[in-house]
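Undergrad: Have a look at the structure that comes next, please.
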Amino acid sequence: MLIIYTLTSLLLGTVICIAAGKERPWLIQAAYAATVVASLITAAKLAPIVDGIFVSVAVGLYSMSFLLTDFLGEVHGKRYALRAVYTGIVAELVVIFSVYFSIAVEPAPFWENQEAFSAVFGAAPRIMIASIAAFVAAQLVDVTVFDILRKRMDGRWLGVRNNASTFAGQTLDSVIFYTIAFWGVVPELSKLIVVTCLVKYAIAVLDTPFLYFARAVVRRRAS
């Protein structure tokens with residue numbers, strides 16, 4: 001199911017990139033912010049990826065964020081990709097603010113879902129901190145590495161640039177998130193980090209043809 005979730009997310013990201021084209025980068029930035037928020041909310045749930053090994057279910061949707069920023073960096077430039085990252089940071093902070101205050105507000109006497117509401121939306125503070133720290137570091141590294149390689153390679157070798165930048169960003173993301181969120185909670189944490197990185201590397205390779213396709217369609221439509 002997690003594989004289907006990931007493929008569907010990449011397909012959705014491709015459709016968004018094509019719909020945005022060169023004229024509507026704001027559409028990708030908005031989708032990016034939504035992706036970040038959804039990943040933040042679902043990050044605490046772990047699901048099996050191989051026997052005895054679990055990863056966050058957010059990995060499926062979150063991987064789409066790298067596709068979106070790489071497309072922005074490729075078609076619109078680093079400035080637009082960074083704007084998406086900043087938008088994502090603001091979105092995360094707004095969600096955290098609203099969620100914790102919503103939980104803290106005393107419910108109506110007849111409303112009996114406070115515990116369920118808190119269980120679903122009130123992820124442990126360390127999960128939230130881990131998500132934000134990992135997100136900021138990983139995305140800034142991804143955008144920066146992609147831009148540096150794009151300039152050095154004169155816009156060629158998109159697949160190499162996409163994978164190198166995503167590998168760097170996703171490695172940092174996994175190490176920071178799992179270390180802060182699950183240190184002392186999940187056994188064999190190092191194995192979890194390694195497996196998660198391998199899964200993300202596979203997804204990065206998988207999203208390469210989606211990125212090529214989106215760029216080709218947009219270029220053909222603009223010519």
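Just remember, in the structure tokens the first chain shown is A, the second B, etc., residues are 1-based per chain, and ligands are 1-based in the order shown.
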At a cut-off of 7 Å, using only C-alpha atoms, what residues contact stretch 192-194 of chain A? Leave out same-chain residues fewer than 5 positions from it and give the result as a PyMOL selection string.
TA: chain A and resi 53-54+174-175+178
Undergrad: Write out the residues from the selection above, keeping N, CA and C atoms, as a JSON list (two decimals), in the first residue's frame.
TA:
[["chain", "number", "residue", "atom", "x", "y", "z"],
["A", 53, "ILE", "N", 10.72, -4.05, 9.79],
["A", 53, "ILE", "CA", 11.23, -2.70, 9.61],
["A", 53, "ILE", "C", 10.07, -1.77, 9.26],
["A", 54, "PHE", "N", 10.04, -0.63, 9.95],
["A", 54, "PHE", "CA", 8.94, 0.30, 9.77],
["A", 54, "PHE", "C", 9.46, 1.68, 9.38],
["A", 174, "SER", "N", 16.16, 12.13, 7.13],
["A", 174, "SER", "CA", 15.96, 10.89, 7.89],
["A", 174, "SER", "C", 16.76, 10.88, 9.18],
["A", 175, "VAL", "N", 18.01, 11.29, 9.09],
["A", 175, "VAL", "CA", 18.87, 11.28, 10.29],
["A", 175, "VAL", "C", 18.32, 12.22, 11.35],
["A", 178, "TYR", "N", 14.37, 11.03, 12.61],
["A", 178, "TYR", "CA", 14.27, 9.82, 13.43],
["A", 178, "TYR", "C", 15.09, 9.93, 14.71]]
Undergrad: Based on DSSP run over this structure's backbone, return all residues of stretch 67-123 of chain A in alpha helix (DSSP H), as JSON, numbers by chain.
TA: {"A": [67, 68, 69, 70, 71, 72, 73, 74, 75, 78, 79, 80, 81, 82, 83, 84, 85, 86, 87, 88, 89, 90, 91, 92, 93, 94, 95, 96, 97, 98, 99, 100, 101, 102, 103, 104, 114, 115, 116, 117, 118, 119, 120, 121]}
Undergrad: Could you save those same residues with N, CA and C atoms as a short mmCIF file (atom, residue, chain, number, x, y, z; two decimals), in the first residue's frame?
TA:
data_model
loop_
_atom_site.label_atom_id
_atom_site.label_comp_id
_atom_site.auth_asym_id
_atom_site.auth_seq_id
_atom_site.Cartn_x
_atom_site.Cartn_y
_atom_site.Cartn_z
N LEU A 67 10.23 16.45 -5.63
CA LEU A 67 9.89 16.56 -7.05
C LEU A 67 9.44 17.99 -7.37
N LEU A 68 8.61 18.55 -6.50
CA LEU A 68 8.08 19.89 -6.73
C LEU A 68 9.18 20.95 -6.68
N THR A 69 10.05 20.87 -5.67
CA THR A 69 11.11 21.88 -5.58
C THR A 69 12.14 21.72 -6.69
N ASP A 70 12.43 20.49 -7.10
CA ASP A 70 13.37 20.29 -8.20
C ASP A 70 12.81 20.82 -9.51
N PHE A 71 11.50 20.65 -9.70
CA PHE A 71 10.88 21.22 -10.90
C PHE A 71 10.94 22.74 -10.87
N LEU A 72 10.65 23.32 -9.71
CA LEU A 72 10.74 24.78 -9.59
C LEU A 72 12.16 25.25 -9.85
N GLY A 73 13.13 24.55 -9.28
CA GLY A 73 14.52 24.93 -9.49
C GLY A 73 14.95 24.79 -10.94
N GLU A 74 14.43 23.79 -11.62
CA GLU A 74 14.79 23.54 -13.02
C GLU A 74 14.14 24.53 -13.96
N VAL A 75 12.88 24.79 -13.76
CA VAL A 75 12.12 25.62 -14.70
C VAL A 75 12.12 27.11 -14.32
N LYS A 78 16.30 28.92 -8.54
CA LYS A 78 16.45 28.69 -7.09
C LYS A 78 15.53 29.58 -6.27
N ARG A 79 15.33 30.82 -6.69
CA ARG A 79 14.53 31.75 -5.91
C ARG A 79 13.12 31.24 -5.70
N TYR A 80 12.52 30.67 -6.74
CA TYR A 80 11.16 30.16 -6.63
C TYR A 80 11.10 28.90 -5.77
N ALA A 81 12.14 28.08 -5.88
CA ALA A 81 12.18 26.87 -5.05
C ALA A 81 12.31 27.24 -3.57
N LEU A 82 13.12 28.24 -3.27
CA LEU A 82 13.26 28.69 -1.89
C LEU A 82 11.97 29.31 -1.36
N ARG A 83 11.24 29.99 -2.23
CA ARG A 83 9.95 30.55 -1.81
C ARG A 83 9.00 29.44 -1.38
N ALA A 84 9.05 28.33 -2.09
CA ALA A 84 8.21 27.19 -1.72
C ALA A 84 8.60 26.66 -0.34
N VAL A 85 9.90 26.57 -0.09
CA VAL A 85 10.38 26.10 1.20
C VAL A 85 9.93 27.04 2.31
N TYR A 86 10.07 28.34 2.09
CA TYR A 86 9.65 29.31 3.10
C TYR A 86 8.15 29.23 3.34
N THR A 87 7.40 29.02 2.26
CA THR A 87 5.95 28.86 2.39
C THR A 87 5.63 27.63 3.23
N GLY A 88 6.38 26.56 3.00
CA GLY A 88 6.18 25.33 3.78
C GLY A 88 6.48 25.53 5.25
N ILE A 89 7.53 26.30 5.56
CA ILE A 89 7.87 26.57 6.96
C ILE A 89 6.74 27.32 7.65
N VAL A 90 6.24 28.35 6.98
CA VAL A 90 5.13 29.13 7.54
C VAL A 90 3.90 28.24 7.74
N ALA A 91 3.61 27.40 6.76
CA ALA A 91 2.45 26.51 6.85
C ALA A 91 2.58 25.56 8.05
N GLU A 92 3.77 25.01 8.24
CA GLU A 92 3.99 24.11 9.37
C GLU A 92 3.77 24.82 10.70
N LEU A 93 4.30 26.02 10.83
CA LEU A 93 4.17 26.77 12.08
C LEU A 93 2.70 27.12 12.36
N VAL A 94 1.97 27.48 11.31
CA VAL A 94 0.55 27.80 11.48
C VAL A 94 -0.23 26.57 11.93
N VAL A 95 0.07 25.42 11.33
CA VAL A 95 -0.61 24.18 11.70
C VAL A 95 -0.32 23.81 13.16
N ILE A 96 0.94 23.88 13.54
CA ILE A 96 1.31 23.55 14.92
C ILE A 96 0.61 24.49 15.90
N PHE A 97 0.60 25.77 15.58
CA PHE A 97 -0.07 26.76 16.42
C PHE A 97 -1.55 26.43 16.57
N SER A 98 -2.22 26.18 15.45
CA SER A 98 -3.66 25.93 15.49
C SER A 98 -4.00 24.61 16.16
N VAL A 99 -3.20 23.57 15.92
CA VAL A 99 -3.48 22.26 16.50
C VAL A 99 -3.37 22.28 18.02
N TYR A 100 -2.27 22.83 18.52
CA TYR A 100 -2.07 22.79 19.96
C TYR A 100 -3.03 23.70 20.72
N PHE A 101 -3.39 24.83 20.13
CA PHE A 101 -4.37 25.68 20.78
C PHE A 101 -5.77 25.06 20.69
N SER A 102 -6.07 24.37 19.61
CA SER A 102 -7.37 23.70 19.48
C SER A 102 -7.51 22.60 20.52
N ILE A 103 -6.42 21.91 20.79
CA ILE A 103 -6.45 20.86 21.80
C ILE A 103 -6.59 21.46 23.20
N ALA A 104 -5.93 22.59 23.40
CA ALA A 104 -5.93 23.21 24.73
C ALA A 104 -7.27 23.85 25.08
N GLN A 114 -12.85 14.64 22.54
CA GLN A 114 -11.60 15.34 22.86
C GLN A 114 -10.40 14.40 22.84
N GLU A 115 -10.53 13.22 23.42
CA GLU A 115 -9.41 12.29 23.45
C GLU A 115 -9.02 11.82 22.05
N ALA A 116 -10.03 11.53 21.25
CA ALA A 116 -9.76 11.10 19.87
C ALA A 116 -9.12 12.24 19.08
N PHE A 117 -9.64 13.45 19.28
CA PHE A 117 -9.10 14.62 18.58
C PHE A 117 -7.63 14.82 18.96
N SER A 118 -7.33 14.72 20.24
CA SER A 118 -5.96 14.90 20.71
C SER A 118 -5.04 13.79 20.20
N ALA A 119 -5.58 12.56 20.16
CA ALA A 119 -4.78 11.42 19.70
C ALA A 119 -4.42 11.55 18.23
N VAL A 120 -5.36 12.05 17.43
CA VAL A 120 -5.14 12.15 15.99
C VAL A 120 -4.24 13.33 15.63
N PHE A 121 -4.49 14.48 16.22
CA PHE A 121 -3.79 15.69 15.82
C PHE A 121 -2.67 16.12 16.76
#
Undergrad: Considering only strand (DSSP E) as DSSP defines it on the backbone, what residues of chain A qualify? List them as a PyMOL selection string.
TA: chain A and resi 46-50+53-56
Undergrad: For stretch 197-200 of chain A, find every residue with an atom within 8 Å (counting only C-alpha atoms), except residues of its own chain fewer than 6 positions away, and show them as a PDB file with N, CA and C atoms, in the first residue's frame.
TA:
ATOM      1  N   VAL A  59       6.464   9.261   4.332  1.00  0.00           N
ATOM      2  CA  VAL A  59       7.501   9.161   3.309  1.00  0.00           C
ATOM      3  C   VAL A  59       6.891   9.134   1.910  1.00  0.00           C
ATOM      4  N   SER A  63       7.924  12.622  -0.236  1.00  0.00           N
ATOM      5  CA  SER A  63       8.863  12.498  -1.350  1.00  0.00           C
ATOM      6  C   SER A  63       8.448  13.363  -2.531  1.00  0.00           C
ATOM      7  N   PHE A 167      19.124  12.797  -2.716  1.00  0.00           N
ATOM      8  CA  PHE A 167      19.852  11.897  -1.818  1.00  0.00           C
ATOM      9  C   PHE A 167      20.403  12.677  -0.627  1.00  0.00           C
ATOM     10  N   GLN A 170      17.348  13.984   1.548  1.00  0.00           N
ATOM     11  CA  GLN A 170      16.613  12.914   2.220  1.00  0.00           C
ATOM     12  C   GLN A 170      17.455  12.226   3.292  1.00  0.00           C
ATOM     13  N   THR A 171      18.751  12.126   3.070  1.00  0.00           N
ATOM     14  CA  THR A 171      19.621  11.550   4.096  1.00  0.00           C
ATOM     15  C   THR A 171      19.591  12.415   5.345  1.00  0.00           C
ATOM     16  N   SER A 174      16.155  12.131   7.128  1.00  0.00           N
ATOM     17  CA  SER A 174      15.956  10.893   7.891  1.00  0.00           C
ATOM     18  C   SER A 174      16.758  10.876   9.176  1.00  0.00           C
TER      19      SER A 174
END
Undergrad: Quick one: everything within 7 Å of stretch 40-46 of chain A, counting only C-alpha atoms, minus sequence neighbours fewer than 5 positions away in the same chain. Send it as a ChimeraX atom specification.
TA: /A:54-58,121,123,127,131
Undergrad: Please save C-alpha atoms of the selected residues as an mmCIF file, in the first residue's frame.
TA:
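Full text of again-v9.cif as output:
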data_model
loop_
_atom_site.group_PDB
_atom_site.id
_atom_site.type_symbol
_atom_site.label_atom_id
_atom_site.label_comp_id
_atom_site.auth_asym_id
_atom_site.auth_seq_id
_atom_site.Cartn_x
_atom_site.Cartn_y
_atom_site.Cartn_z
ATOM 1 C CA PHE A 54 8.936 0.298 9.766
ATOM 2 C CA VAL A 55 9.016 3.765 8.218
ATOM 3 C CA SER A 56 6.841 6.823 8.610
ATOM 4 C CA VAL A 57 3.813 6.747 6.305
ATOM 5 C CA ALA A 58 4.620 10.376 5.480
ATOM 6 C CA PHE A 121 -3.791 15.693 15.816
ATOM 7 C CA ALA A 123 1.501 14.432 17.998
ATOM 8 C CA ILE A 127 7.625 14.702 16.720
ATOM 9 C CA SER A 131 9.561 17.298 11.596
#
Undergrad: Would you please work out which residue, of A:Phe177, A:Trp26, A:Trp111, A:Phe135, is nearest to A:Ser65 when using only C-alpha atoms?
TA: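 Using only C-alpha atoms, A:Ser65 sits closest to A:Phe135.
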Undergrad: Could you check how far atom CA of A:Asn163 sits from atom CA of A:Thr208, in Å to one decimal?
TA: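 So the two atoms, atom CA of A:Asn163 and atom CA of A:Thr208, lie 7.5 Å apart.
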Undergrad: Could you pull the residues within 6 Å of A:Gly169, counting only C-alpha atoms, minus those fewer than 2 positions along the same chain, as a count of residues only?
TA: 7
